[in-house]
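Novice: I have a structure I would like to understand better, so I am pasting it below and will then ask my questions one at a time.
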Protein chains: 2
Amino acid sequence: MIDSNNPIPLHVQISNALVKQIKAGMYKDKIPSERELIEAYTVSRTTVRQAIAKLVNDGILKKVHGKGTFINEGKPIQEWLSNLNSLTETIKNMGMTPSSKLLAAEQINVKDHTIDIFNMDLYRIERLRYADGEPLAIEEHYYPLSVGLKLSSYDLGTETIFDLLENEMGITLAEAEQIISTEDADARVAGLLGIPKGASVLTVERIIADELGNPLEFYRGYYRPDKYVFRVKSKRNGLRGSP
Amino acid sequence: MIDSNNPIPLHVQISNALVKQIKAGMYKDKIPSERELIEAYTVSRTTVRQAIAKLVNDGILKKVHGKGTFINEGKPIQEWLSNLNSLTETIKNMGMTPSSKLLAAEQINVKDHTIDIFNMDLYRIERLRYADGEPLAIEEHYYPLSVGLKLSSYDLGTETIFDLLENEMGITLAEAEQIISTEDADARVAGLLGIPKGASVLTVERIIADELGNPLEFYRGYYRPDKYVFRVKSKRNGLRGSP
DNA sequence: CAGTGGTCTAGACCACTGG
DNA sequence: CAGTGGTCTAGACCACTGG
């Protein structure tokens, strides 16, 4: 189960094992203490603490000094997850009909891009997304070349990219980090979205990574703020721990 | 400077020292390597790595395996949306100094507002917020009259409202639902924030509720997008929503 | 008081980046 | 190759919680 010959770091293996056990309901409220986990997995305290720190940072666990490490009861952020799942799903959930127009699908050489998480040639896919026939967003996706070339063999005007990645290509999307901001629309963005030049557009930059934190996709989205907003539920907690 | 007799943990002292040095422009791009910091502060590698990890988590530093640890240049303040933090806390976490100017503190009669979660007279507090002396955001808070009147007895130009609510008034903030969008700045907002009229501003509307879901506060914020962005981590198939 | 997480030391070997 | 961060060990003492 935990294998020190496995190239996956021990602390990641332990994190994953703990998550599996929590999901299986193996612990009611509290996970075993650090000393107990040291015994159970025959690792050092540093390794156990690193595994736990990751889950605390993810909001799954909560540590209380002198008491123990507890499972965080909480509600999922349903609106946000549906956005992450795919824009197609979100549009459908709102009772509208999604559609897409492929704007670009092309190779980019490593020296022509500045996406510093990828130090390799990339494949770029750009689509204009519609809801009930009205322009809603422009989405740019960047993938490693091998992934992008496989994607390009499908009809990107109609397919959902997440479906292709996960179901056709067997790629596991685990985590996403997103940054939400705004920009003044330039002429091209304004024209495509059907808004005045200089009007505010919502922007999203996103890095999707696999379970080990390796980046799989870089994404940039431009949304019409009159048609699309972000909804997030937050808890007053203070889980701003260091990993 | 770094004092092992100080009750503040060494790694926190080192974090703070690094932030101070970065702000002072002591490093151009890269901070010293972990081995160099071990020498400089006469601590173990664990302690140095703990200090750095905090700043990486806050978005101030970025580690690159085999190369070094780099300063995240000119990145706007990043708020992790999964936690409900006050702007004061967020600014401090980024190693900057928060300040405020009170713009308004006034009673509003029930018939003069349209905030449909409150069917009662309200108290409205509006402040201009600064980070390191630069305008960052305009924040409007609406409270039930009894709460607002108590708040108004404090110096709202210097106090943190969350602190007053939680520590002075014993009010428990549990959950918030936030809507993030963007608007073109009108003349007043542009003037206060020091940006051109019509430029994009990030907007947040927020309802904070107690553990039973009773609304405690309605909030509206206007943020300069060059200085402030929202950050969210999401799980693709996690057992919970966002960390 | 025993048990918990928080901090910290002083090492070790590995994988990665660049010249 | 020398230098970097990534992982990991095997300890130690501290501060906090609860009975």
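Following the order of the structure tokens, first chain is A, next is B, and so on, with residues numbered from 1 inside each chain and ligands from 1 in the order they appear.
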Is it possible to get the superposed chain A, fitted on chain B over all Cα pairs by sequence order, as a PDB file with C-alpha atoms, in the first residue's frame?

Specialist:
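Saved result, result_5.pdb, follows:
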ATOM      1  CA  MET A   1       9.455  29.391  20.164  1.00  0.00           C
ATOM      2  CA  ILE A   2       7.459  26.400  18.953  1.00  0.00           C
ATOM      3  CA  ASP A   3       5.133  25.434  21.797  1.00  0.00           C
ATOM      4  CA  SER A   4       2.828  22.453  21.615  1.00  0.00           C
ATOM      5  CA  ASN A   5       0.725  23.845  24.474  1.00  0.00           C
ATOM      6  CA  ASN A   6       0.016  26.964  22.468  1.00  0.00           C
ATOM      7  CA  PRO A   7      -3.507  26.800  21.035  1.00  0.00           C
ATOM      8  CA  ILE A   8      -2.116  27.950  17.677  1.00  0.00           C
ATOM      9  CA  PRO A   9      -1.562  24.809  15.603  1.00  0.00           C
ATOM     10  CA  LEU A  10       2.013  23.664  15.347  1.00  0.00           C
ATOM     11  CA  HIS A  11       2.015  23.900  11.570  1.00  0.00           C
ATOM     12  CA  VAL A  12       0.927  27.539  11.767  1.00  0.00           C
ATOM     13  CA  GLN A  13       3.608  28.283  14.329  1.00  0.00           C
ATOM     14  CA  ILE A  14       6.195  26.681  12.070  1.00  0.00           C
ATOM     15  CA  SER A  15       4.916  28.565   9.019  1.00  0.00           C
ATOM     16  CA  ASN A  16       5.212  31.835  10.883  1.00  0.00           C
ATOM     17  CA  ALA A  17       8.653  30.959  12.190  1.00  0.00           C
ATOM     18  CA  LEU A  18       9.848  30.138   8.690  1.00  0.00           C
ATOM     19  CA  VAL A  19       8.495  33.395   7.299  1.00  0.00           C
ATOM     20  CA  LYS A  20      10.247  35.318  10.055  1.00  0.00           C
ATOM     21  CA  GLN A  21      13.506  33.526   9.341  1.00  0.00           C
ATOM     22  CA  ILE A  22      13.200  34.098   5.611  1.00  0.00           C
ATOM     23  CA  LYS A  23      12.553  37.784   6.158  1.00  0.00           C
ATOM     24  CA  ALA A  24      15.530  37.953   8.488  1.00  0.00           C
ATOM     25  CA  GLY A  25      17.648  36.567   5.661  1.00  0.00           C
ATOM     26  CA  MET A  26      18.533  33.430   7.586  1.00  0.00           C
ATOM     27  CA  TYR A  27      18.440  31.371   4.386  1.00  0.00           C
ATOM     28  CA  LYS A  28      20.016  32.419   1.134  1.00  0.00           C
ATOM     29  CA  ASP A  29      18.001  30.436  -1.296  1.00  0.00           C
ATOM     30  CA  LYS A  30      16.865  27.172   0.197  1.00  0.00           C
ATOM     31  CA  ILE A  31      15.185  26.367   3.477  1.00  0.00           C
ATOM     32  CA  PRO A  32      16.191  23.303   5.505  1.00  0.00           C
ATOM     33  CA  SER A  33      14.918  19.947   4.256  1.00  0.00           C
ATOM     34  CA  GLU A  34      11.788  18.406   5.717  1.00  0.00           C
ATOM     35  CA  ARG A  35      13.858  15.924   7.718  1.00  0.00           C
ATOM     36  CA  GLU A  36      15.944  18.740   9.153  1.00  0.00           C
ATOM     37  CA  LEU A  37      12.836  20.676  10.147  1.00  0.00           C
ATOM     38  CA  ILE A  38      11.414  17.553  11.809  1.00  0.00           C
ATOM     39  CA  GLU A  39      14.523  17.450  13.979  1.00  0.00           C
ATOM     40  CA  ALA A  40      14.621  21.156  14.610  1.00  0.00           C
ATOM     41  CA  TYR A  41      11.010  21.440  15.779  1.00  0.00           C
ATOM     42  CA  THR A  42      10.521  17.882  17.064  1.00  0.00           C
ATOM     43  CA  VAL A  43       7.359  17.330  15.049  1.00  0.00           C
ATOM     44  CA  SER A  44       6.208  14.791  12.520  1.00  0.00           C
ATOM     45  CA  ARG A  45       6.722  15.072   8.803  1.00  0.00           C
ATOM     46  CA  THR A  46       3.009  15.698   8.247  1.00  0.00           C
ATOM     47  CA  THR A  47       3.213  18.818  10.372  1.00  0.00           C
ATOM     48  CA  VAL A  48       6.305  20.111   8.620  1.00  0.00           C
ATOM     49  CA  ARG A  49       4.753  19.455   5.220  1.00  0.00           C
ATOM     50  CA  GLN A  50       1.553  21.223   6.242  1.00  0.00           C
ATOM     51  CA  ALA A  51       3.555  24.276   7.293  1.00  0.00           C
ATOM     52  CA  ILE A  52       5.495  24.290   4.045  1.00  0.00           C
ATOM     53  CA  ALA A  53       2.397  23.677   1.923  1.00  0.00           C
ATOM     54  CA  LYS A  54       0.857  26.880   3.233  1.00  0.00           C
ATOM     55  CA  LEU A  55       3.894  28.916   2.216  1.00  0.00           C
ATOM     56  CA  VAL A  56       4.045  27.220  -1.173  1.00  0.00           C
ATOM     57  CA  ASN A  57       0.399  28.047  -1.695  1.00  0.00           C
ATOM     58  CA  ASP A  58       1.137  31.640  -0.755  1.00  0.00           C
ATOM     59  CA  GLY A  59       3.918  31.758  -3.317  1.00  0.00           C
ATOM     60  CA  ILE A  60       6.658  32.264  -0.728  1.00  0.00           C
ATOM     61  CA  LEU A  61       8.274  28.884  -1.215  1.00  0.00           C
ATOM     62  CA  LYS A  62       8.682  26.549  -4.124  1.00  0.00           C
ATOM     63  CA  LYS A  63       9.357  22.843  -3.852  1.00  0.00           C
ATOM     64  CA  VAL A  64      11.553  20.965  -6.298  1.00  0.00           C
ATOM     65  CA  HIS A  65      11.398  17.209  -6.140  1.00  0.00           C
ATOM     66  CA  GLY A  66      14.747  15.713  -5.357  1.00  0.00           C
ATOM     67  CA  LYS A  67      16.419  19.071  -4.733  1.00  0.00           C
ATOM     68  CA  GLY A  68      14.724  20.886  -1.901  1.00  0.00           C
ATOM     69  CA  THR A  69      12.414  23.718  -0.982  1.00  0.00           C
ATOM     70  CA  PHE A  70      13.400  27.121  -2.280  1.00  0.00           C
ATOM     71  CA  ILE A  71      12.533  30.699  -1.522  1.00  0.00           C
ATOM     72  CA  ASN A  72      10.570  32.252  -4.346  1.00  0.00           C
ATOM     73  CA  GLU A  73      12.254  35.358  -5.652  1.00  0.00           C
ATOM     74  CA  GLY A  74       9.617  37.645  -6.964  1.00  0.00           C
ATOM     75  CA  LYS A  75       8.342  41.104  -7.238  1.00  0.00           C
ATOM     76  CA  PRO A  76       5.396  42.320  -5.217  1.00  0.00           C
ATOM     77  CA  ILE A  77       2.218  43.156  -7.011  1.00  0.00           C
ATOM     78  CA  GLN A  78       2.428  46.764  -6.173  1.00  0.00           C
ATOM     79  CA  GLU A  79      -0.718  48.006  -7.848  1.00  0.00           C
ATOM     80  CA  TRP A  80      -2.831  45.381  -6.245  1.00  0.00           C
ATOM     81  CA  LEU A  81      -1.445  45.849  -2.778  1.00  0.00           C
ATOM     82  CA  SER A  82      -2.158  49.538  -2.904  1.00  0.00           C
ATOM     83  CA  ASN A  83      -5.747  48.716  -3.758  1.00  0.00           C
ATOM     84  CA  LEU A  84      -5.901  46.390  -0.819  1.00  0.00           C
ATOM     85  CA  ASN A  85      -4.330  48.882   1.520  1.00  0.00           C
ATOM     86  CA  SER A  86      -7.220  51.257   1.038  1.00  0.00           C
ATOM     87  CA  LEU A  87      -9.108  53.023  -1.658  1.00  0.00           C
ATOM     88  CA  THR A  88      -8.149  56.281   0.040  1.00  0.00           C
ATOM     89  CA  GLU A  89      -4.474  55.596  -0.560  1.00  0.00           C
ATOM     90  CA  THR A  90      -5.030  54.506  -4.130  1.00  0.00           C
ATOM     91  CA  ILE A  91      -6.895  57.699  -4.952  1.00  0.00           C
ATOM     92  CA  LYS A  92      -4.184  59.794  -3.356  1.00  0.00           C
ATOM     93  CA  ASN A  93      -1.506  57.910  -5.268  1.00  0.00           C
ATOM     94  CA  MET A  94      -3.206  58.903  -8.468  1.00  0.00           C
ATOM     95  CA  GLY A  95      -2.969  62.512  -7.458  1.00  0.00           C
ATOM     96  CA  MET A  96      -6.652  62.931  -6.727  1.00  0.00           C
ATOM     97  CA  THR A  97      -8.529  63.905  -3.617  1.00  0.00           C
ATOM     98  CA  PRO A  98     -10.581  61.187  -1.900  1.00  0.00           C
ATOM     99  CA  SER A  99     -13.774  61.802   0.012  1.00  0.00           C
ATOM    100  CA  SER A 100     -16.667  59.743   1.335  1.00  0.00           C
ATOM    101  CA  LYS A 101     -20.330  59.924   2.146  1.00  0.00           C
ATOM    102  CA  LEU A 102     -21.717  57.562   4.769  1.00  0.00           C
ATOM    103  CA  LEU A 103     -24.808  55.839   3.396  1.00  0.00           C
ATOM    104  CA  ALA A 104     -25.536  53.324   6.148  1.00  0.00           C
ATOM    105  CA  ALA A 105     -24.207  52.109   9.487  1.00  0.00           C
ATOM    106  CA  GLU A 106     -26.492  49.560  11.029  1.00  0.00           C
ATOM    107  CA  GLN A 107     -26.824  46.298  12.851  1.00  0.00           C
ATOM    108  CA  ILE A 108     -27.977  43.199  10.974  1.00  0.00           C
ATOM    109  CA  ASN A 109     -29.312  40.162  12.766  1.00  0.00           C
ATOM    110  CA  VAL A 110     -27.870  36.787  11.970  1.00  0.00           C
ATOM    111  CA  LYS A 111     -31.122  35.591  10.435  1.00  0.00           C
ATOM    112  CA  ASP A 112     -31.307  38.565   8.065  1.00  0.00           C
ATOM    113  CA  HIS A 113     -28.046  38.004   6.233  1.00  0.00           C
ATOM    114  CA  THR A 114     -26.599  35.214   4.156  1.00  0.00           C
ATOM    115  CA  ILE A 115     -22.886  35.843   4.585  1.00  0.00           C
ATOM    116  CA  ASP A 116     -21.951  32.308   5.409  1.00  0.00           C
ATOM    117  CA  ILE A 117     -18.527  33.039   6.787  1.00  0.00           C
ATOM    118  CA  PHE A 118     -20.134  34.820   9.724  1.00  0.00           C
ATOM    119  CA  ASN A 119     -22.654  32.958  11.793  1.00  0.00           C
ATOM    120  CA  MET A 120     -23.392  35.903  14.057  1.00  0.00           C
ATOM    121  CA  ASP A 121     -25.009  39.323  14.156  1.00  0.00           C
ATOM    122  CA  LEU A 122     -23.169  41.785  11.931  1.00  0.00           C
ATOM    123  CA  TYR A 123     -22.580  45.482  11.578  1.00  0.00           C
ATOM    124  CA  ARG A 124     -22.845  46.916   8.092  1.00  0.00           C
ATOM    125  CA  ILE A 125     -21.191  50.098   6.869  1.00  0.00           C
ATOM    126  CA  GLU A 126     -21.888  51.455   3.414  1.00  0.00           C
ATOM    127  CA  ARG A 127     -20.146  54.436   1.884  1.00  0.00           C
ATOM    128  CA  LEU A 128     -20.118  56.242  -1.420  1.00  0.00           C
ATOM    129  CA  ARG A 129     -16.541  57.056  -2.349  1.00  0.00           C
ATOM    130  CA  TYR A 130     -15.450  60.021  -4.457  1.00  0.00           C
ATOM    131  CA  ALA A 131     -12.283  60.994  -6.283  1.00  0.00           C
ATOM    132  CA  ASP A 132     -11.999  64.732  -6.922  1.00  0.00           C
ATOM    133  CA  GLY A 133     -15.663  65.048  -6.063  1.00  0.00           C
ATOM    134  CA  GLU A 134     -16.802  62.509  -8.676  1.00  0.00           C
ATOM    135  CA  PRO A 135     -18.507  59.280  -7.569  1.00  0.00           C
ATOM    136  CA  LEU A 136     -16.109  56.380  -7.969  1.00  0.00           C
ATOM    137  CA  ALA A 137     -17.377  53.431  -5.949  1.00  0.00           C
ATOM    138  CA  ILE A 138     -19.855  52.126  -3.433  1.00  0.00           C
ATOM    139  CA  GLU A 139     -18.291  50.108  -0.647  1.00  0.00           C
ATOM    140  CA  GLU A 140     -20.107  47.821   1.778  1.00  0.00           C
ATOM    141  CA  HIS A 141     -18.274  46.453   4.827  1.00  0.00           C
ATOM    142  CA  TYR A 142     -19.602  43.783   7.167  1.00  0.00           C
ATOM    143  CA  TYR A 143     -18.047  43.218  10.589  1.00  0.00           C
ATOM    144  CA  PRO A 144     -18.828  41.193  13.683  1.00  0.00           C
ATOM    145  CA  LEU A 145     -21.095  43.302  15.861  1.00  0.00           C
ATOM    146  CA  SER A 146     -18.473  44.119  18.494  1.00  0.00           C
ATOM    147  CA  VAL A 147     -16.059  45.427  15.853  1.00  0.00           C
ATOM    148  CA  GLY A 148     -18.743  47.300  13.960  1.00  0.00           C
ATOM    149  CA  LEU A 149     -20.060  49.074  17.033  1.00  0.00           C
ATOM    150  CA  LYS A 150     -16.573  50.295  17.897  1.00  0.00           C
ATOM    151  CA  LEU A 151     -16.080  51.511  14.317  1.00  0.00           C
ATOM    152  CA  SER A 152     -19.379  53.356  14.405  1.00  0.00           C
ATOM    153  CA  SER A 153     -18.098  55.594  17.200  1.00  0.00           C
ATOM    154  CA  TYR A 154     -15.695  57.218  14.727  1.00  0.00           C
ATOM    155  CA  ASP A 155     -16.582  59.633  11.941  1.00  0.00           C
ATOM    156  CA  LEU A 156     -16.875  57.180   9.051  1.00  0.00           C
ATOM    157  CA  GLY A 157     -17.420  60.009   6.611  1.00  0.00           C
ATOM    158  CA  THR A 158     -13.789  61.013   6.929  1.00  0.00           C
ATOM    159  CA  GLU A 159     -11.839  58.169   8.530  1.00  0.00           C
ATOM    160  CA  THR A 160     -10.004  55.367   6.723  1.00  0.00           C
ATOM    161  CA  ILE A 161     -11.445  52.107   8.031  1.00  0.00           C
ATOM    162  CA  PHE A 162      -8.167  50.190   7.722  1.00  0.00           C
ATOM    163  CA  ASP A 163      -6.487  52.821   9.884  1.00  0.00           C
ATOM    164  CA  LEU A 164      -9.158  52.517  12.543  1.00  0.00           C
ATOM    165  CA  LEU A 165      -8.994  48.738  12.607  1.00  0.00           C
ATOM    166  CA  GLU A 166      -5.229  48.497  12.706  1.00  0.00           C
ATOM    167  CA  ASN A 167      -4.159  51.547  14.653  1.00  0.00           C
ATOM    168  CA  GLU A 168      -7.076  52.369  16.918  1.00  0.00           C
ATOM    169  CA  MET A 169      -8.478  48.913  17.545  1.00  0.00           C
ATOM    170  CA  GLY A 170      -5.358  46.782  17.330  1.00  0.00           C
ATOM    171  CA  ILE A 171      -6.806  44.352  14.794  1.00  0.00           C
ATOM    172  CA  THR A 172      -4.317  42.641  12.506  1.00  0.00           C
ATOM    173  CA  LEU A 173      -5.397  42.167   8.919  1.00  0.00           C
ATOM    174  CA  ALA A 174      -3.304  39.404   7.446  1.00  0.00           C
ATOM    175  CA  GLU A 175      -4.749  38.000   4.254  1.00  0.00           C
ATOM    176  CA  ALA A 176      -7.453  38.864   1.784  1.00  0.00           C
ATOM    177  CA  GLU A 177      -9.147  36.804  -0.833  1.00  0.00           C
ATOM    178  CA  GLN A 178     -10.904  38.781  -3.508  1.00  0.00           C
ATOM    179  CA  ILE A 179     -13.222  37.900  -6.323  1.00  0.00           C
ATOM    180  CA  ILE A 180     -13.555  40.324  -9.215  1.00  0.00           C
ATOM    181  CA  SER A 181     -16.514  40.261 -11.539  1.00  0.00           C
ATOM    182  CA  THR A 182     -19.075  42.544 -13.131  1.00  0.00           C
ATOM    183  CA  GLU A 183     -22.795  43.231 -12.931  1.00  0.00           C
ATOM    184  CA  ASP A 184     -25.368  45.389 -14.661  1.00  0.00           C
ATOM    185  CA  ALA A 185     -26.016  48.380 -12.390  1.00  0.00           C
ATOM    186  CA  ASP A 186     -29.436  48.392 -10.765  1.00  0.00           C
ATOM    187  CA  ALA A 187     -31.302  51.653 -10.312  1.00  0.00           C
ATOM    188  CA  ARG A 188     -29.825  52.441  -6.917  1.00  0.00           C
ATOM    189  CA  VAL A 189     -26.213  51.690  -7.837  1.00  0.00           C
ATOM    190  CA  ALA A 190     -26.588  53.567 -11.120  1.00  0.00           C
ATOM    191  CA  GLY A 191     -28.059  56.572  -9.364  1.00  0.00           C
ATOM    192  CA  LEU A 192     -25.347  56.744  -6.728  1.00  0.00           C
ATOM    193  CA  LEU A 193     -22.512  56.284  -9.212  1.00  0.00           C
ATOM    194  CA  GLY A 194     -24.032  58.610 -11.794  1.00  0.00           C
ATOM    195  CA  ILE A 195     -24.161  56.099 -14.634  1.00  0.00           C
ATOM    196  CA  PRO A 196     -27.062  54.769 -16.724  1.00  0.00           C
ATOM    197  CA  LYS A 197     -29.145  52.006 -15.246  1.00  0.00           C
ATOM    198  CA  GLY A 198     -27.991  48.661 -16.665  1.00  0.00           C
ATOM    199  CA  ALA A 199     -24.476  49.877 -17.407  1.00  0.00           C
ATOM    200  CA  SER A 200     -21.621  47.585 -16.409  1.00  0.00           C
ATOM    201  CA  VAL A 201     -20.058  48.037 -12.990  1.00  0.00           C
ATOM    202  CA  LEU A 202     -16.985  46.270 -11.691  1.00  0.00           C
ATOM    203  CA  THR A 203     -17.654  44.288  -8.531  1.00  0.00           C
ATOM    204  CA  VAL A 204     -15.319  43.030  -5.849  1.00  0.00           C
ATOM    205  CA  GLU A 205     -16.099  40.646  -3.047  1.00  0.00           C
ATOM    206  CA  ARG A 206     -13.460  40.310  -0.424  1.00  0.00           C
ATOM    207  CA  ILE A 207     -12.880  38.359   2.742  1.00  0.00           C
ATOM    208  CA  ILE A 208     -10.162  39.642   5.008  1.00  0.00           C
ATOM    209  CA  ALA A 209      -8.817  37.248   7.594  1.00  0.00           C
ATOM    210  CA  ASP A 210      -6.348  37.321  10.456  1.00  0.00           C
ATOM    211  CA  GLU A 211      -3.187  35.211  10.648  1.00  0.00           C
ATOM    212  CA  LEU A 212      -5.121  32.101  11.637  1.00  0.00           C
ATOM    213  CA  GLY A 213      -7.533  32.491   8.774  1.00  0.00           C
ATOM    214  CA  ASN A 214     -10.420  33.681  10.922  1.00  0.00           C
ATOM    215  CA  PRO A 215     -12.614  36.049   8.902  1.00  0.00           C
ATOM    216  CA  LEU A 216     -12.558  39.665  10.062  1.00  0.00           C
ATOM    217  CA  GLU A 217     -14.421  41.489   7.325  1.00  0.00           C
ATOM    218  CA  PHE A 218     -16.648  40.778   4.399  1.00  0.00           C
ATOM    219  CA  TYR A 219     -16.611  43.485   1.749  1.00  0.00           C
ATOM    220  CA  ARG A 220     -18.464  44.223  -1.432  1.00  0.00           C
ATOM    221  CA  GLY A 221     -17.489  47.043  -3.787  1.00  0.00           C
ATOM    222  CA  TYR A 222     -19.079  48.474  -6.933  1.00  0.00           C
ATOM    223  CA  TYR A 223     -16.711  50.491  -9.102  1.00  0.00           C
ATOM    224  CA  ARG A 224     -17.236  52.696 -12.135  1.00  0.00           C
ATOM    225  CA  PRO A 225     -15.206  50.951 -14.835  1.00  0.00           C
ATOM    226  CA  ASP A 226     -14.527  54.190 -16.677  1.00  0.00           C
ATOM    227  CA  LYS A 227     -12.742  55.508 -13.588  1.00  0.00           C
ATOM    228  CA  TYR A 228     -11.252  52.469 -12.000  1.00  0.00           C
ATOM    229  CA  VAL A 229      -9.649  49.282 -13.259  1.00  0.00           C
ATOM    230  CA  PHE A 230      -7.703  46.500 -11.615  1.00  0.00           C
ATOM    231  CA  ARG A 231      -4.115  45.929 -12.522  1.00  0.00           C
ATOM    232  CA  VAL A 232      -2.370  42.718 -11.652  1.00  0.00           C
ATOM    233  CA  LYS A 233       1.015  41.311 -12.418  1.00  0.00           C
ATOM    234  CA  SER A 234       1.196  37.569 -12.752  1.00  0.00           C
ATOM    235  CA  LYS A 235       4.009  35.123 -13.117  1.00  0.00           C
ATOM    236  CA  ARG A 236       4.005  32.078 -15.312  1.00  0.00           C
ATOM    237  CA  ASN A 237       4.745  29.566 -12.632  1.00  0.00           C
ATOM    238  CA  GLY A 238       2.275  26.854 -11.958  1.00  0.00           C
ATOM    239  CA  LEU A 239       2.230  26.933  -8.168  1.00  0.00           C
ATOM    240  CA  ARG A 240      -1.217  25.498  -7.999  1.00  0.00           C
ATOM    241  CA  GLY A 241      -0.387  23.111  -5.182  1.00  0.00           C
ATOM    242  CA  SER A 242      -2.688  21.484  -2.709  1.00  0.00           C
ATOM    243  CA  PRO A 243      -2.347  22.642   0.847  1.00  0.00           C
TER     244      PRO A 243
END

Novice: Considering only C-alpha atoms (C1' of nucleotides), return as a PyMOL selection string whatever protein or nucleic-acid residues lie within 12 Å of DA2 of chain D, sequence-local ones (same chain, fewer than 4 positions apart) excluded.

Specialist: (chain B and resi 66) or (chain C and resi 17-19)

Novice: Distance table requested - chain D against chain B, cut-off 12 Å, only C-alpha atoms (C1' of nucleotides): one row per qualifying residue with the closest atom pair and its distance in Å to one decimal, ordered by chain and rising residue number, as CSV.

Specialist:
residue,atom,partner,partner_atom,distance
D:DA2,C1',B:Gly66,CA,11.3
D:DG3,C1',B:Gly66,CA,7.6
D:DT4,C1',B:Gly66,CA,4.0
D:DG5,C1',B:His65,CA,4.7
D:DG6,C1',B:His65,CA,7.7
D:DT7,C1',B:Thr46,CA,11.6
D:DC8,C1',B:Thr46,CA,11.4
D:DC14,C1',B:Pro7,CA,10.8
D:DA15,C1',B:Pro7,CA,11.0

Novice: How would the residues just chosen look if you wrote them out with N, CA, C and O atoms (P, O5', C5', C4', C3', O3' and C1' of nucleotides) as an mmCIF file, in the first residue's frame?

Specialist:
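The result, stored in part-v6.cif:
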data_model
loop_
_atom_site.group_PDB
_atom_site.id
_atom_site.type_symbol
_atom_site.label_atom_id
_atom_site.label_comp_id
_atom_site.auth_asym_id
_atom_site.auth_seq_id
_atom_site.Cartn_x
_atom_site.Cartn_y
_atom_site.Cartn_z
ATOM 1 P P DA D 2 32.166 19.382 -8.864
ATOM 2 O "O5'" DA D 2 31.324 20.705 -8.659
ATOM 3 C "C5'" DA D 2 31.793 21.947 -9.198
ATOM 4 C "C4'" DA D 2 30.710 23.003 -9.034
ATOM 5 C "C3'" DA D 2 30.246 23.184 -7.582
ATOM 6 O "O3'" DA D 2 29.879 24.544 -7.380
ATOM 7 C "C1'" DA D 2 28.441 22.419 -8.890
ATOM 8 P P DG D 3 29.364 25.038 -5.944
ATOM 9 O "O5'" DG D 3 27.796 25.165 -6.192
ATOM 10 C "C5'" DG D 3 27.323 26.095 -7.163
ATOM 11 C "C4'" DG D 3 25.819 25.998 -7.243
ATOM 12 C "C3'" DG D 3 25.116 26.019 -5.871
ATOM 13 O "O3'" DG D 3 24.116 27.026 -5.857
ATOM 14 C "C1'" DG D 3 24.317 24.248 -7.188
ATOM 15 P P DT D 4 23.219 27.288 -4.567
ATOM 16 O "O5'" DT D 4 21.804 26.673 -4.947
ATOM 17 C "C5'" DT D 4 21.014 27.269 -5.984
ATOM 18 C "C4'" DT D 4 19.891 26.324 -6.323
ATOM 19 C "C3'" DT D 4 19.008 25.925 -5.151
ATOM 20 O "O3'" DT D 4 18.008 26.884 -4.945
ATOM 21 C "C1'" DT D 4 19.489 24.058 -6.570
ATOM 22 P P DG D 5 17.174 26.827 -3.568
ATOM 23 O "O5'" DG D 5 16.109 25.687 -3.847
ATOM 24 C "C5'" DG D 5 15.077 25.909 -4.806
ATOM 25 C "C4'" DG D 5 14.402 24.587 -5.151
ATOM 26 C "C3'" DG D 5 13.427 24.059 -4.094
ATOM 27 O "O3'" DG D 5 12.365 23.375 -4.752
ATOM 28 C "C1'" DG D 5 15.117 22.484 -4.416
ATOM 29 P P DG D 6 11.277 22.490 -3.985
ATOM 30 O "O5'" DG D 6 11.873 21.007 -4.104
ATOM 31 C "C5'" DG D 6 11.534 20.214 -5.251
ATOM 32 C "C4'" DG D 6 11.369 18.762 -4.831
ATOM 33 C "C3'" DG D 6 10.413 18.572 -3.642
ATOM 34 O "O3'" DG D 6 9.605 17.416 -3.880
ATOM 35 C "C1'" DG D 6 12.545 17.704 -3.098
ATOM 36 P P DT D 7 8.667 16.861 -2.727
ATOM 37 O "O5'" DT D 7 9.595 15.810 -1.985
ATOM 38 C "C5'" DT D 7 10.000 14.644 -2.687
ATOM 39 C "C4'" DT D 7 10.821 13.766 -1.775
ATOM 40 C "C3'" DT D 7 10.086 13.297 -0.509
ATOM 41 O "O3'" DT D 7 9.994 11.889 -0.552
ATOM 42 C "C1'" DT D 7 12.291 14.049 -0.022
ATOM 43 P P DC D 8 9.104 11.130 0.499
ATOM 44 O "O5'" DC D 8 10.070 10.956 1.751
ATOM 45 C "C5'" DC D 8 11.248 10.173 1.594
ATOM 46 C "C4'" DC D 8 12.119 10.298 2.837
ATOM 47 C "C3'" DC D 8 11.379 10.178 4.166
ATOM 48 O "O3'" DC D 8 11.444 8.817 4.589
ATOM 49 C "C1'" DC D 8 13.251 11.706 4.197
ATOM 50 P P DC D 14 12.025 22.178 27.024
ATOM 51 O "O5'" DC D 14 10.805 22.930 26.324
ATOM 52 C "C5'" DC D 14 11.051 23.845 25.252
ATOM 53 C "C4'" DC D 14 9.744 24.108 24.523
ATOM 54 C "C3'" DC D 14 8.579 24.407 25.464
ATOM 55 O "O3'" DC D 14 8.243 25.783 25.376
ATOM 56 C "C1'" DC D 14 7.977 22.862 23.722
ATOM 57 P P DA D 15 7.032 26.337 26.195
ATOM 58 O "O5'" DA D 15 5.765 25.932 25.322
ATOM 59 C "C5'" DA D 15 5.542 26.553 24.057
ATOM 60 C "C4'" DA D 15 4.089 26.360 23.669
ATOM 61 C "C3'" DA D 15 3.078 26.764 24.746
ATOM 62 O "O3'" DA D 15 1.950 27.315 24.099
ATOM 63 C "C1'" DA D 15 2.891 24.442 24.314
#
